[in-house]
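Participant: My file is structure27.cif. It has mmCIF, C-alpha atoms:
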data_data
loop_
_atom_site.label_atom_id
_atom_site.label_comp_id
_atom_site.auth_asym_id
_atom_site.auth_seq_id
_atom_site.Cartn_x
_atom_site.Cartn_y
_atom_site.Cartn_z
CA MET A 4 -2.51 -20.60 -25.23
CA GLU A 5 -5.15 -19.11 -27.50
CA ARG A 6 -5.93 -15.45 -26.96
CA SER A 7 -9.67 -16.21 -26.63
CA ALA A 8 -9.02 -18.90 -24.02
CA ALA A 9 -6.90 -16.51 -21.98
CA ALA A 10 -9.62 -13.86 -22.26
CA GLU A 11 -12.32 -16.26 -21.08
CA LYS A 12 -10.24 -17.35 -18.11
CA LEU A 13 -9.45 -13.72 -17.25
CA VAL A 14 -13.14 -12.78 -17.23
CA GLU A 15 -13.87 -15.52 -14.70
CA ILE A 16 -11.01 -14.25 -12.52
CA VAL A 17 -12.24 -10.64 -12.48
CA ARG A 18 -15.95 -11.51 -12.14
CA PRO A 19 -16.02 -11.62 -8.29
CA TYR A 20 -14.38 -8.19 -8.11
CA VAL A 21 -16.76 -6.42 -10.52
CA PRO A 22 -19.41 -4.70 -8.40
CA GLU A 23 -22.14 -4.69 -11.08
CA PRO A 24 -22.43 -7.95 -13.09
CA GLU A 25 -23.92 -6.18 -16.14
CA LEU A 26 -20.64 -4.29 -16.63
CA LEU A 27 -19.13 -7.56 -17.84
CA THR A 28 -21.64 -7.83 -20.69
CA HIS A 29 -20.00 -4.81 -22.38
CA LEU A 30 -16.47 -6.06 -21.81
CA ASP A 31 -13.92 -5.87 -24.61
CA GLU A 32 -10.12 -5.64 -24.82
CA GLY A 33 -10.29 -1.87 -24.40
CA SER A 34 -12.18 -2.14 -21.12
CA ASP A 35 -10.39 -0.36 -18.28
CA PHE A 36 -10.42 -2.40 -15.06
CA LEU A 37 -10.94 0.59 -12.79
CA LYS A 38 -12.96 3.00 -14.95
CA ASP A 39 -15.14 0.62 -17.00
CA LEU A 40 -15.40 -2.45 -14.80
CA LYS A 41 -15.34 -0.29 -11.63
CA ILE A 42 -12.97 -2.64 -9.83
CA ASN A 43 -11.69 -1.15 -6.57
CA SER A 44 -7.96 -0.35 -6.91
CA ALA A 45 -7.16 -2.45 -3.82
CA HIS A 46 -8.97 -5.37 -5.47
CA MET A 47 -6.79 -5.02 -8.58
CA ILE A 48 -3.98 -6.46 -6.48
CA ASP A 49 -6.15 -9.52 -5.79
CA VAL A 50 -6.84 -9.78 -9.53
CA VAL A 51 -3.08 -9.80 -10.20
CA LEU A 52 -2.50 -12.47 -7.53
CA ASP A 53 -5.36 -14.59 -8.89
CA VAL A 54 -4.06 -14.25 -12.46
CA GLU A 55 -0.59 -15.34 -11.35
CA GLU A 56 -2.03 -18.41 -9.67
CA ALA A 57 -4.51 -19.35 -12.40
CA PHE A 58 -2.01 -19.00 -15.25
CA ASP A 59 1.04 -20.10 -13.21
CA ILE A 60 2.98 -16.98 -14.18
CA GLU A 61 4.85 -14.23 -12.36
CA ILE A 62 3.90 -10.61 -12.89
CA SER A 63 6.41 -7.96 -11.86
CA ASP A 64 5.22 -5.17 -9.58
CA GLU A 65 5.99 -2.66 -12.35
CA ALA A 66 3.87 -4.56 -14.88
CA ALA A 67 1.07 -4.96 -12.34
CA GLU A 68 1.04 -1.26 -11.55
CA SER A 69 0.85 -0.26 -15.21
CA LEU A 70 -2.00 -2.67 -15.99
CA GLN A 71 -5.10 -0.74 -17.08
CA THR A 72 -7.06 -2.63 -19.69
CA VAL A 73 -8.26 -6.17 -20.37
CA GLY A 74 -6.20 -6.23 -23.57
CA GLN A 75 -3.02 -5.28 -21.72
CA ALA A 76 -3.68 -8.06 -19.21
CA ILE A 77 -4.14 -10.64 -21.97
CA ASP A 78 -0.92 -9.47 -23.67
CA LEU A 79 0.92 -9.82 -20.36
CA ILE A 80 -0.56 -13.27 -19.65
CA LEU A 81 0.32 -14.58 -23.12
CA SER A 82 3.87 -13.19 -23.04
CA GLN A 83 4.51 -14.60 -19.55
CA ALA A 84 2.84 -17.94 -20.25
CA GLY A 85 4.99 -18.23 -23.39
CA ALA A 86 8.13 -17.34 -21.46
CA SER A 87 7.55 -19.84 -18.67
CA SER A 88 6.84 -22.76 -21.01
CA GLY A 89 9.97 -22.02 -23.04
CA HIS A 90 8.30 -21.12 -26.38
CA MET B 11 -8.30 -19.33 13.17
CA LYS B 12 -6.67 -21.08 16.09
CA ARG B 13 -4.53 -19.37 18.65
CA LEU B 14 -0.89 -19.27 17.72
CA SER B 15 1.36 -21.65 19.56
CA GLU B 16 2.93 -20.38 22.76
CA GLU B 17 6.47 -20.29 21.39
CA LEU B 18 5.42 -17.43 19.12
CA TYR B 19 4.66 -15.36 22.21
CA LYS B 20 8.25 -14.33 22.64
CA SER B 21 8.67 -10.70 23.53
CA PRO B 22 9.88 -8.53 20.70
CA ASP B 23 12.89 -6.33 21.12
CA GLU B 24 11.74 -3.38 23.28
CA THR B 25 13.23 -0.82 20.88
CA LEU B 26 11.50 -2.44 17.92
CA ALA B 27 8.16 -2.59 19.72
CA GLY B 28 8.59 1.04 20.78
CA ASN B 29 9.40 2.13 17.23
CA ILE B 30 6.37 0.33 15.84
CA LEU B 31 4.08 1.89 18.44
CA ALA B 32 5.59 5.31 17.66
CA CYS B 33 4.87 4.81 13.94
CA ILE B 34 1.18 3.95 14.39
CA PRO B 35 -0.60 7.16 13.42
CA GLN B 36 -3.89 6.60 15.26
CA GLN B 37 -3.99 8.49 18.55
CA SER B 38 -6.34 8.86 21.52
CA PRO B 39 -9.31 8.74 21.60
CA PHE B 40 -9.05 6.48 18.54
CA ARG B 41 -6.03 4.39 19.45
CA PHE B 42 -6.71 0.77 20.33
CA ILE B 43 -3.29 -0.79 20.85
CA ASP B 44 -1.39 -0.90 24.15
CA ARG B 45 1.32 -3.51 23.63
CA ILE B 46 2.95 -5.62 20.97
CA LEU B 47 3.62 -9.05 22.45
CA SER B 48 5.18 -10.65 19.41
CA ILE B 49 5.94 -9.70 15.82
CA ASP B 50 7.77 -11.02 12.78
CA GLU B 51 7.33 -10.78 9.01
CA ASN B 52 4.35 -13.15 9.05
CA HIS B 53 2.44 -12.41 12.24
CA VAL B 54 1.76 -10.01 15.08
CA VAL B 55 0.18 -10.36 18.53
CA GLY B 56 -0.92 -7.31 20.51
CA THR B 57 -3.23 -6.30 23.32
CA TYR B 58 -5.60 -3.51 24.23
CA THR B 59 -7.62 -2.89 27.37
CA PHE B 60 -10.88 -1.03 26.84
CA LYS B 61 -11.06 1.76 29.38
CA SER B 62 -14.33 2.13 31.24
CA ASN B 63 -14.52 5.78 30.15
CA GLU B 64 -14.17 5.22 26.38
CA SER B 65 -16.48 7.82 24.82
CA PHE B 66 -18.61 5.36 22.82
CA TYR B 67 -19.89 3.60 25.96
CA GLN B 68 -21.98 6.68 26.76
CA GLY B 69 -24.23 5.93 23.82
CA HIS B 70 -23.58 2.24 23.10
CA PHE B 71 -25.61 1.66 25.19
CA PRO B 72 -26.63 4.08 27.95
CA ASP B 73 -27.94 1.29 30.18
CA PHE B 74 -25.62 -1.48 28.94
CA PRO B 75 -22.12 -0.45 27.84
CA VAL B 76 -20.72 -2.86 25.24
CA THR B 77 -17.91 -2.25 22.75
CA PRO B 78 -19.29 -1.64 19.23
CA GLY B 79 -18.38 -4.20 16.58
CA VAL B 80 -16.86 -1.46 14.43
CA ILE B 81 -14.50 -0.61 17.29
CA LEU B 82 -13.53 -4.28 17.65
CA THR B 83 -12.86 -4.32 13.90
CA GLU B 84 -10.78 -1.14 14.24
CA THR B 85 -8.83 -2.71 17.11
CA MET B 86 -8.11 -5.77 14.97
CA ALA B 87 -7.04 -3.46 12.12
CA GLN B 88 -4.72 -1.31 14.25
CA ILE B 89 -2.95 -4.32 15.76
CA GLY B 90 -3.30 -6.81 12.92
CA LEU B 91 -2.76 -4.55 9.91
CA VAL B 92 -1.24 -1.23 10.95
CA ALA B 93 1.35 -2.60 13.41
CA LEU B 94 2.35 -5.43 11.06
CA GLY B 95 2.37 -3.12 8.03
CA VAL B 96 4.56 -0.62 9.85
CA PHE B 97 6.94 -3.46 10.73
CA LEU B 98 7.01 -4.71 7.12
CA CYS B 99 7.72 -1.16 5.91
CA GLY B 100 10.74 -0.95 8.22
CA ALA B 101 9.32 0.64 11.39
CA ASP B 102 11.50 3.69 10.97
CA PRO B 103 9.75 6.60 12.74
CA SER B 104 11.45 9.24 10.58
CA SER B 105 10.48 7.73 7.23
CA LEU B 106 7.05 6.50 8.29
CA LYS B 107 5.93 9.76 9.88
CA SER B 108 4.26 10.87 6.69
CA ALA B 109 3.09 7.45 5.47
CA ARG B 110 -0.62 7.04 4.85
CA ILE B 111 -2.59 3.94 5.67
CA PHE B 112 -5.99 3.11 4.20
CA PHE B 113 -8.37 0.42 5.38
CA THR B 114 -9.56 -1.34 2.22
CA SER B 115 -11.72 -4.29 3.28
CA SER B 116 -13.02 -6.31 6.19
CA ASN B 117 -15.01 -9.49 6.57
CA VAL B 118 -15.48 -10.16 10.28
CA GLN B 119 -17.70 -12.43 12.34
CA PHE B 120 -18.48 -11.69 15.97
CA HIS B 121 -18.96 -14.28 18.69
CA LYS B 122 -18.65 -12.59 22.10
CA MET B 123 -19.18 -9.21 23.73
CA VAL B 124 -16.43 -6.95 25.06
CA ARG B 125 -17.37 -4.92 28.14
CA PRO B 126 -15.66 -1.85 29.66
CA GLY B 127 -12.38 -2.83 31.34
CA ASP B 128 -11.90 -6.00 29.29
CA GLN B 129 -8.46 -6.77 27.88
CA VAL B 130 -8.36 -8.29 24.41
CA TRP B 131 -5.58 -10.11 22.53
CA VAL B 132 -5.34 -9.75 18.78
CA GLU B 133 -3.48 -12.25 16.62
CA SER B 134 -2.86 -11.62 12.95
CA GLN B 135 -1.34 -13.85 10.30
CA LYS B 136 -0.24 -12.39 6.99
CA GLU B 137 -1.86 -13.79 3.87
CA TYR B 138 0.12 -11.52 1.55
CA PHE B 139 1.89 -8.18 1.34
CA ARG B 140 2.18 -7.19 -2.28
CA LEU B 141 2.08 -3.88 -4.15
CA ARG B 142 1.71 -2.14 -0.79
CA LYS B 143 -1.46 -4.06 0.09
CA LEU B 144 -1.45 -6.13 3.25
CA GLN B 145 -4.10 -8.79 3.78
CA CYS B 146 -4.29 -10.76 7.02
CA LYS B 147 -6.38 -13.29 8.86
CA VAL B 148 -7.05 -11.69 12.23
CA ALA B 149 -8.67 -12.98 15.41
CA MET B 150 -9.42 -11.41 18.79
CA PHE B 151 -9.50 -13.35 22.07
CA ASN B 152 -10.55 -12.50 25.63
CA GLN B 153 -8.46 -13.21 28.72
CA GLU B 154 -9.96 -16.69 28.98
CA GLY B 155 -8.68 -17.41 25.48
CA LYS B 156 -12.19 -17.50 24.00
CA LYS B 157 -12.61 -16.08 20.51
CA ILE B 158 -14.41 -12.73 20.41
CA CYS B 159 -14.29 -12.14 16.67
CA ALA B 160 -12.29 -13.12 13.62
CA GLY B 161 -12.02 -12.38 9.95
CA THR B 162 -9.98 -11.16 7.01
CA LEU B 163 -8.81 -7.54 6.84
CA SER B 164 -6.80 -5.63 4.29
CA GLY B 165 -5.21 -2.23 3.98
CA MET B 166 -2.98 -0.18 1.70
CA PHE B 167 0.24 1.49 2.80
CA SER B 168 1.27 4.44 0.72
CA ASN B 169 4.46 6.39 1.13
CA PRO B 170 4.16 9.94 -0.16
#
The structure given in the file should be rewritten as structure tokens.
Facilitator:
Amino acid sequence: MERSAAAEKLVEIVRPYVPEPELLTHLDEGSDFLKDLKINSAHMIDVVLDVEEAFDIEISDEAAESLQTVGQAIDLILSQAGASSGH
Amino acid sequence: MKRLSEELYKSPDETLAGNILACIPQQSPFRFIDRILSIDENHVVGTYTFKSNESFYQGHFPDFPVTPGVILTETMAQIGLVALGVFLCGADPSSLKSARIFFTSSNVQFHKMVRPGDQVWVESQKEYFRLRKLQCKVAMFNQEGKKICAGTLSGMFSNP
């Protein structure tokens, strides 16, 4: 999967959990889910579950807990998606 | 949400039910769980009877006492989230004594009133328990089996 495609899909997953839509207009790979996108920490768990379902991957609890930025999430998605499809 | 089938209404082990009740941190006058009728890793059923002298009836409303929706939501949370969460965390009174529980979201619709003296049944079905967050579909019924309110609730369980 292309990095840009994963990023686009990720943005659509987080969109319902971002309290102020305009925060997404400044999104980049350095954006912090909690600090920059102001996602409630309890909602981050829903983001992880939604990412697992949308990308058909499994994210360990440890990886989920250390997830802070959009870039880290994309790295995780691409590494897991690669692992599950055998590449 | 439909009522659970009758075979799920098997009484839990008395010791287990007692341990769970002992682990629930909310106490009078903010405790809204009397009994656990049934519990396993995916669901819980419990009851509470609203006493006619609950403090909120004095003001809600002076000439027409009716249980506030926020109290019905709290009752659903204590039975549907806290009791189930305590069970999922092991229901060990010594280790759970210092656990902290935080209500994180609710989306509830109300259909019927609850008056002083009414007994309610709360049924909760787990949607997921992951990374210490428990989310459940919860419904409350009156003694006639009519739905009082229902919705989705979630909470976080944090061990110190």
Participant: For the structure provided, state which residues fall under the PyMOL selection byres ((chain B) within 10 of (chain A)), and present them as number ranges by chain.
Facilitator: B: 112-115, 138-145, 164-166
Participant: Do you have the atom CA of B:Cys99-atom CA of B:Gln135 distance handy?
Facilitator: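 These two atoms are separated by 16.2 Å.
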Participant: Measure the distance from atom CA of A:Ile77 to atom CA of A:Ser7 in Å and round it to one decimal.
Facilitator: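 Straight-line distance from atom CA of A:Ile77 to atom CA of A:Ser7 works out to 9.1 Å.
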Participant: Translate the PyMOL selection byres ((chain A and resi 25-38) around 8) into a concrete residue list for this structure, as a list in words.
Facilitator: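 Evaluating the PyMOL selection byres ((chain A and resi 25-38) around 8) on this file yields Val14, Arg18, Val21, Glu23, Pro24, Asp39, Leu40, Lys41, Ile42, Asn43, Ser44, Met47, Gln71, Thr72, Val73, Gly74 and Gln75 of chain A.
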Participant: Name the residues that the PyMOL selection byres ((chain B and resi 61) around 8) pulls out of this structure, and write them as a list in words.
Facilitator: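 Checking the PyMOL selection byres ((chain B and resi 61) around 8) against this file, the residues are Thr59, Phe60, Ser62, Asn63, Glu64, Pro126, Gly127 and Asp128 of chain B.
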Participant: May I have the residues within 10 Å of stretch 88-91 of chain B as a compact mmCIF listing (two decimals) with C-alpha atoms, keeping the file's coordinate frame, using all atoms listed in the file and disregarding those fewer than 2 positions away in the same chain?
Facilitator:
# COMPACT_ATOMS: atom_id res chain seq x y z
CA LEU B 31 4.08 1.89 18.44
CA ILE B 34 1.18 3.95 14.39
CA PRO B 35 -0.60 7.16 13.42
CA GLN B 36 -3.89 6.60 15.26
CA PHE B 40 -9.05 6.48 18.54
CA ARG B 41 -6.03 4.39 19.45
CA PHE B 42 -6.71 0.77 20.33
CA ILE B 43 -3.29 -0.79 20.85
CA ASP B 44 -1.39 -0.90 24.15
CA ARG B 45 1.32 -3.51 23.63
CA ILE B 46 2.95 -5.62 20.97
CA HIS B 53 2.44 -12.41 12.24
CA VAL B 54 1.76 -10.01 15.08
CA VAL B 55 0.18 -10.36 18.53
CA GLY B 56 -0.92 -7.31 20.51
CA THR B 57 -3.23 -6.30 23.32
CA TYR B 58 -5.60 -3.51 24.23
CA LEU B 82 -13.53 -4.28 17.65
CA THR B 83 -12.86 -4.32 13.90
CA GLU B 84 -10.78 -1.14 14.24
CA THR B 85 -8.83 -2.71 17.11
CA MET B 86 -8.11 -5.77 14.97
CA ALA B 93 1.35 -2.60 13.41
CA LEU B 94 2.35 -5.43 11.06
CA GLY B 95 2.37 -3.12 8.03
CA VAL B 96 4.56 -0.62 9.85
CA PHE B 97 6.94 -3.46 10.73
CA ILE B 111 -2.59 3.94 5.67
CA PHE B 113 -8.37 0.42 5.38
CA TRP B 131 -5.58 -10.11 22.53
CA VAL B 132 -5.34 -9.75 18.78
CA GLU B 133 -3.48 -12.25 16.62
CA SER B 134 -2.86 -11.62 12.95
CA GLN B 135 -1.34 -13.85 10.30
CA LYS B 136 -0.24 -12.39 6.99
CA LYS B 143 -1.46 -4.06 0.09
CA LEU B 144 -1.45 -6.13 3.25
CA GLN B 145 -4.10 -8.79 3.78
CA CYS B 146 -4.29 -10.76 7.02
CA LYS B 147 -6.38 -13.29 8.86
CA VAL B 148 -7.05 -11.69 12.23
CA ALA B 149 -8.67 -12.98 15.41
CA MET B 150 -9.42 -11.41 18.79
CA THR B 162 -9.98 -11.16 7.01
CA LEU B 163 -8.81 -7.54 6.84
CA SER B 164 -6.80 -5.63 4.29
CA GLY B 165 -5.21 -2.23 3.98
CA MET B 166 -2.98 -0.18 1.70
CA PHE B 167 0.24 1.49 2.80
Participant: Would you compute the distance between atom CA of A:Ser69 and atom CA of B:Asp102? Give it in Å to one decimal.
Facilitator: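 Atom-to-atom, atom CA of A:Ser69 and atom CA of B:Asp102 are spaced 28.5 Å apart.
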Participant: Name the closest residue to B:Tyr67 among the candidates B:Lys156, B:Val124, B:Glu51, B:Ala109; distances are taken between atoms, counting all atoms listed in the file.
Facilitator: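 Closest to B:Tyr67 of all the choices is B:Val124.
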Participant: Could you work out an axis-aligned bounding box for all listed atoms of stretch 30-49 of chain B, with 5 Å added on each of the six sides, and give its centre and edge lengths in Å to one decimal, as JSON?
Facilitator:
{"center_x": -1.5, "center_y": -0.9, "center_z": 18.8, "size_x": 25.7, "size_y": 29.5, "size_z": 20.7}
Participant: Which residues are close to B:Gln119, i.e. within 8 Å by all atoms listed in the file, leaving aside same-chain residues fewer than 4 positions away? Reply as number ranges by chain.
Facilitator: B: 159-161
Participant: Write out, as a PDB file, in the frame of the given file, the residues just selected, with C-alpha atoms.
Facilitator:
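out00.pdb was written with the following content:
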ATOM      1  CA  CYS B 159     -14.290 -12.140  16.670  1.00  0.00           C
ATOM      2  CA  ALA B 160     -12.290 -13.120  13.620  1.00  0.00           C
ATOM      3  CA  GLY B 161     -12.020 -12.380   9.950  1.00  0.00           C
TER       4      GLY B 161
END
Participant: What would stretch 31-63 of chain B look like with N, CA and C atoms in place, written as a PDB file, in the coordinates of the input?
Facilitator:
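Result saved to rebuild-v5.pdb:
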ATOM      1  N   LEU B  31       5.154   1.139  17.784  1.00  0.00           N
ATOM      2  CA  LEU B  31       4.080   1.890  18.440  1.00  0.00           C
ATOM      3  C   LEU B  31       4.170   3.380  18.095  1.00  0.00           C
ATOM      4  N   ALA B  32       5.415   3.890  17.982  1.00  0.00           N
ATOM      5  CA  ALA B  32       5.590   5.310  17.660  1.00  0.00           C
ATOM      6  C   ALA B  32       5.169   5.628  16.222  1.00  0.00           C
ATOM      7  N   CYS B  33       5.211   4.613  15.359  1.00  0.00           N
ATOM      8  CA  CYS B  33       4.870   4.810  13.940  1.00  0.00           C
ATOM      9  C   CYS B  33       3.372   4.680  13.678  1.00  0.00           C
ATOM     10  N   ILE B  34       2.618   4.141  14.626  1.00  0.00           N
ATOM     11  CA  ILE B  34       1.180   3.950  14.390  1.00  0.00           C
ATOM     12  C   ILE B  34       0.499   5.311  14.518  1.00  0.00           C
ATOM     13  N   PRO B  35      -0.125   5.771  13.423  1.00  0.00           N
ATOM     14  CA  PRO B  35      -0.600   7.160  13.420  1.00  0.00           C
ATOM     15  C   PRO B  35      -1.854   7.410  14.263  1.00  0.00           C
ATOM     16  N   GLN B  36      -2.660   6.385  14.501  1.00  0.00           N
ATOM     17  CA  GLN B  36      -3.890   6.600  15.260  1.00  0.00           C
ATOM     18  C   GLN B  36      -3.558   6.982  16.704  1.00  0.00           C
ATOM     19  N   GLN B  37      -4.233   8.024  17.188  1.00  0.00           N
ATOM     20  CA  GLN B  37      -3.990   8.490  18.550  1.00  0.00           C
ATOM     21  C   GLN B  37      -5.303   8.579  19.319  1.00  0.00           C
ATOM     22  N   SER B  38      -5.181   8.738  20.644  1.00  0.00           N
ATOM     23  CA  SER B  38      -6.340   8.860  21.520  1.00  0.00           C
ATOM     24  C   SER B  38      -7.238  10.003  21.040  1.00  0.00           C
ATOM     25  N   PRO B  39      -8.540   9.862  21.045  1.00  0.00           N
ATOM     26  CA  PRO B  39      -9.310   8.740  21.600  1.00  0.00           C
ATOM     27  C   PRO B  39      -9.620   7.639  20.588  1.00  0.00           C
ATOM     28  N   PHE B  40      -8.781   7.507  19.554  1.00  0.00           N
ATOM     29  CA  PHE B  40      -9.050   6.480  18.540  1.00  0.00           C
ATOM     30  C   PHE B  40      -7.836   5.570  18.386  1.00  0.00           C
ATOM     31  N   ARG B  41      -7.185   5.284  19.494  1.00  0.00           N
ATOM     32  CA  ARG B  41      -6.030   4.390  19.450  1.00  0.00           C
ATOM     33  C   ARG B  41      -6.356   3.164  20.276  1.00  0.00           C
ATOM     34  N   PHE B  42      -6.283   2.006  19.660  1.00  0.00           N
ATOM     35  CA  PHE B  42      -6.710   0.770  20.330  1.00  0.00           C
ATOM     36  C   PHE B  42      -5.597  -0.277  20.301  1.00  0.00           C
ATOM     37  N   ILE B  43      -4.405   0.153  20.704  1.00  0.00           N
ATOM     38  CA  ILE B  43      -3.290  -0.790  20.850  1.00  0.00           C
ATOM     39  C   ILE B  43      -2.450  -0.322  22.032  1.00  0.00           C
ATOM     40  N   ASP B  44      -2.231  -1.215  22.989  1.00  0.00           N
ATOM     41  CA  ASP B  44      -1.390  -0.900  24.150  1.00  0.00           C
ATOM     42  C   ASP B  44       0.000  -1.506  24.001  1.00  0.00           C
ATOM     43  N   ARG B  45       0.040  -2.788  23.633  1.00  0.00           N
ATOM     44  CA  ARG B  45       1.320  -3.510  23.630  1.00  0.00           C
ATOM     45  C   ARG B  45       1.432  -4.439  22.424  1.00  0.00           C
ATOM     46  N   ILE B  46       2.660  -4.596  21.979  1.00  0.00           N
ATOM     47  CA  ILE B  46       2.950  -5.620  20.970  1.00  0.00           C
ATOM     48  C   ILE B  46       3.662  -6.747  21.696  1.00  0.00           C
ATOM     49  N   LEU B  47       3.054  -7.922  21.707  1.00  0.00           N
ATOM     50  CA  LEU B  47       3.620  -9.050  22.450  1.00  0.00           C
ATOM     51  C   LEU B  47       4.590  -9.856  21.601  1.00  0.00           C
ATOM     52  N   SER B  48       4.378  -9.808  20.289  1.00  0.00           N
ATOM     53  CA  SER B  48       5.180 -10.650  19.410  1.00  0.00           C
ATOM     54  C   SER B  48       4.994 -10.147  17.989  1.00  0.00           C
ATOM     55  N   ILE B  49       6.078 -10.131  17.225  1.00  0.00           N
ATOM     56  CA  ILE B  49       5.940  -9.700  15.820  1.00  0.00           C
ATOM     57  C   ILE B  49       7.082 -10.276  14.991  1.00  0.00           C
ATOM     58  N   ASP B  50       6.760 -10.719  13.792  1.00  0.00           N
ATOM     59  CA  ASP B  50       7.770 -11.020  12.780  1.00  0.00           C
ATOM     60  C   ASP B  50       7.147 -10.775  11.418  1.00  0.00           C
ATOM     61  N   GLU B  51       7.819 -11.173  10.328  1.00  0.00           N
ATOM     62  CA  GLU B  51       7.330 -10.780   9.010  1.00  0.00           C
ATOM     63  C   GLU B  51       6.005 -11.447   8.626  1.00  0.00           C
ATOM     64  N   ASN B  52       5.591 -12.455   9.397  1.00  0.00           N
ATOM     65  CA  ASN B  52       4.350 -13.150   9.050  1.00  0.00           C
ATOM     66  C   ASN B  52       3.217 -13.001  10.056  1.00  0.00           C
ATOM     67  N   HIS B  53       3.524 -12.486  11.250  1.00  0.00           N
ATOM     68  CA  HIS B  53       2.440 -12.410  12.240  1.00  0.00           C
ATOM     69  C   HIS B  53       2.700 -11.312  13.272  1.00  0.00           C
ATOM     70  N   VAL B  54       1.632 -10.949  13.972  1.00  0.00           N
ATOM     71  CA  VAL B  54       1.760 -10.010  15.080  1.00  0.00           C
ATOM     72  C   VAL B  54       0.734 -10.391  16.145  1.00  0.00           C
ATOM     73  N   VAL B  55       1.101 -10.186  17.411  1.00  0.00           N
ATOM     74  CA  VAL B  55       0.180 -10.360  18.530  1.00  0.00           C
ATOM     75  C   VAL B  55       0.262  -9.096  19.370  1.00  0.00           C
ATOM     76  N   GLY B  56      -0.898  -8.523  19.689  1.00  0.00           N
ATOM     77  CA  GLY B  56      -0.920  -7.310  20.510  1.00  0.00           C
ATOM     78  C   GLY B  56      -2.128  -7.307  21.415  1.00  0.00           C
ATOM     79  N   THR B  57      -2.115  -6.374  22.369  1.00  0.00           N
ATOM     80  CA  THR B  57      -3.230  -6.300  23.320  1.00  0.00           C
ATOM     81  C   THR B  57      -3.755  -4.878  23.438  1.00  0.00           C
ATOM     82  N   TYR B  58      -5.010  -4.800  23.878  1.00  0.00           N
ATOM     83  CA  TYR B  58      -5.600  -3.510  24.230  1.00  0.00           C
ATOM     84  C   TYR B  58      -6.602  -3.755  25.352  1.00  0.00           C
ATOM     85  N   THR B  59      -6.618  -2.830  26.309  1.00  0.00           N
ATOM     86  CA  THR B  59      -7.620  -2.890  27.370  1.00  0.00           C
ATOM     87  C   THR B  59      -8.582  -1.728  27.194  1.00  0.00           C
ATOM     88  N   PHE B  60      -9.864  -2.063  27.033  1.00  0.00           N
ATOM     89  CA  PHE B  60     -10.880  -1.030  26.840  1.00  0.00           C
ATOM     90  C   PHE B  60     -11.148  -0.322  28.163  1.00  0.00           C
ATOM     91  N   LYS B  61     -10.873   0.983  28.160  1.00  0.00           N
ATOM     92  CA  LYS B  61     -11.060   1.760  29.380  1.00  0.00           C
ATOM     93  C   LYS B  61     -12.558   1.943  29.643  1.00  0.00           C
ATOM     94  N   SER B  62     -12.900   2.013  30.924  1.00  0.00           N
ATOM     95  CA  SER B  62     -14.330   2.130  31.240  1.00  0.00           C
ATOM     96  C   SER B  62     -14.899   3.477  30.819  1.00  0.00           C
ATOM     97  N   ASN B  63     -14.009   4.464  30.561  1.00  0.00           N
ATOM     98  CA  ASN B  63     -14.520   5.780  30.150  1.00  0.00           C
ATOM     99  C   ASN B  63     -14.381   6.050  28.658  1.00  0.00           C
TER     100      ASN B  63
END
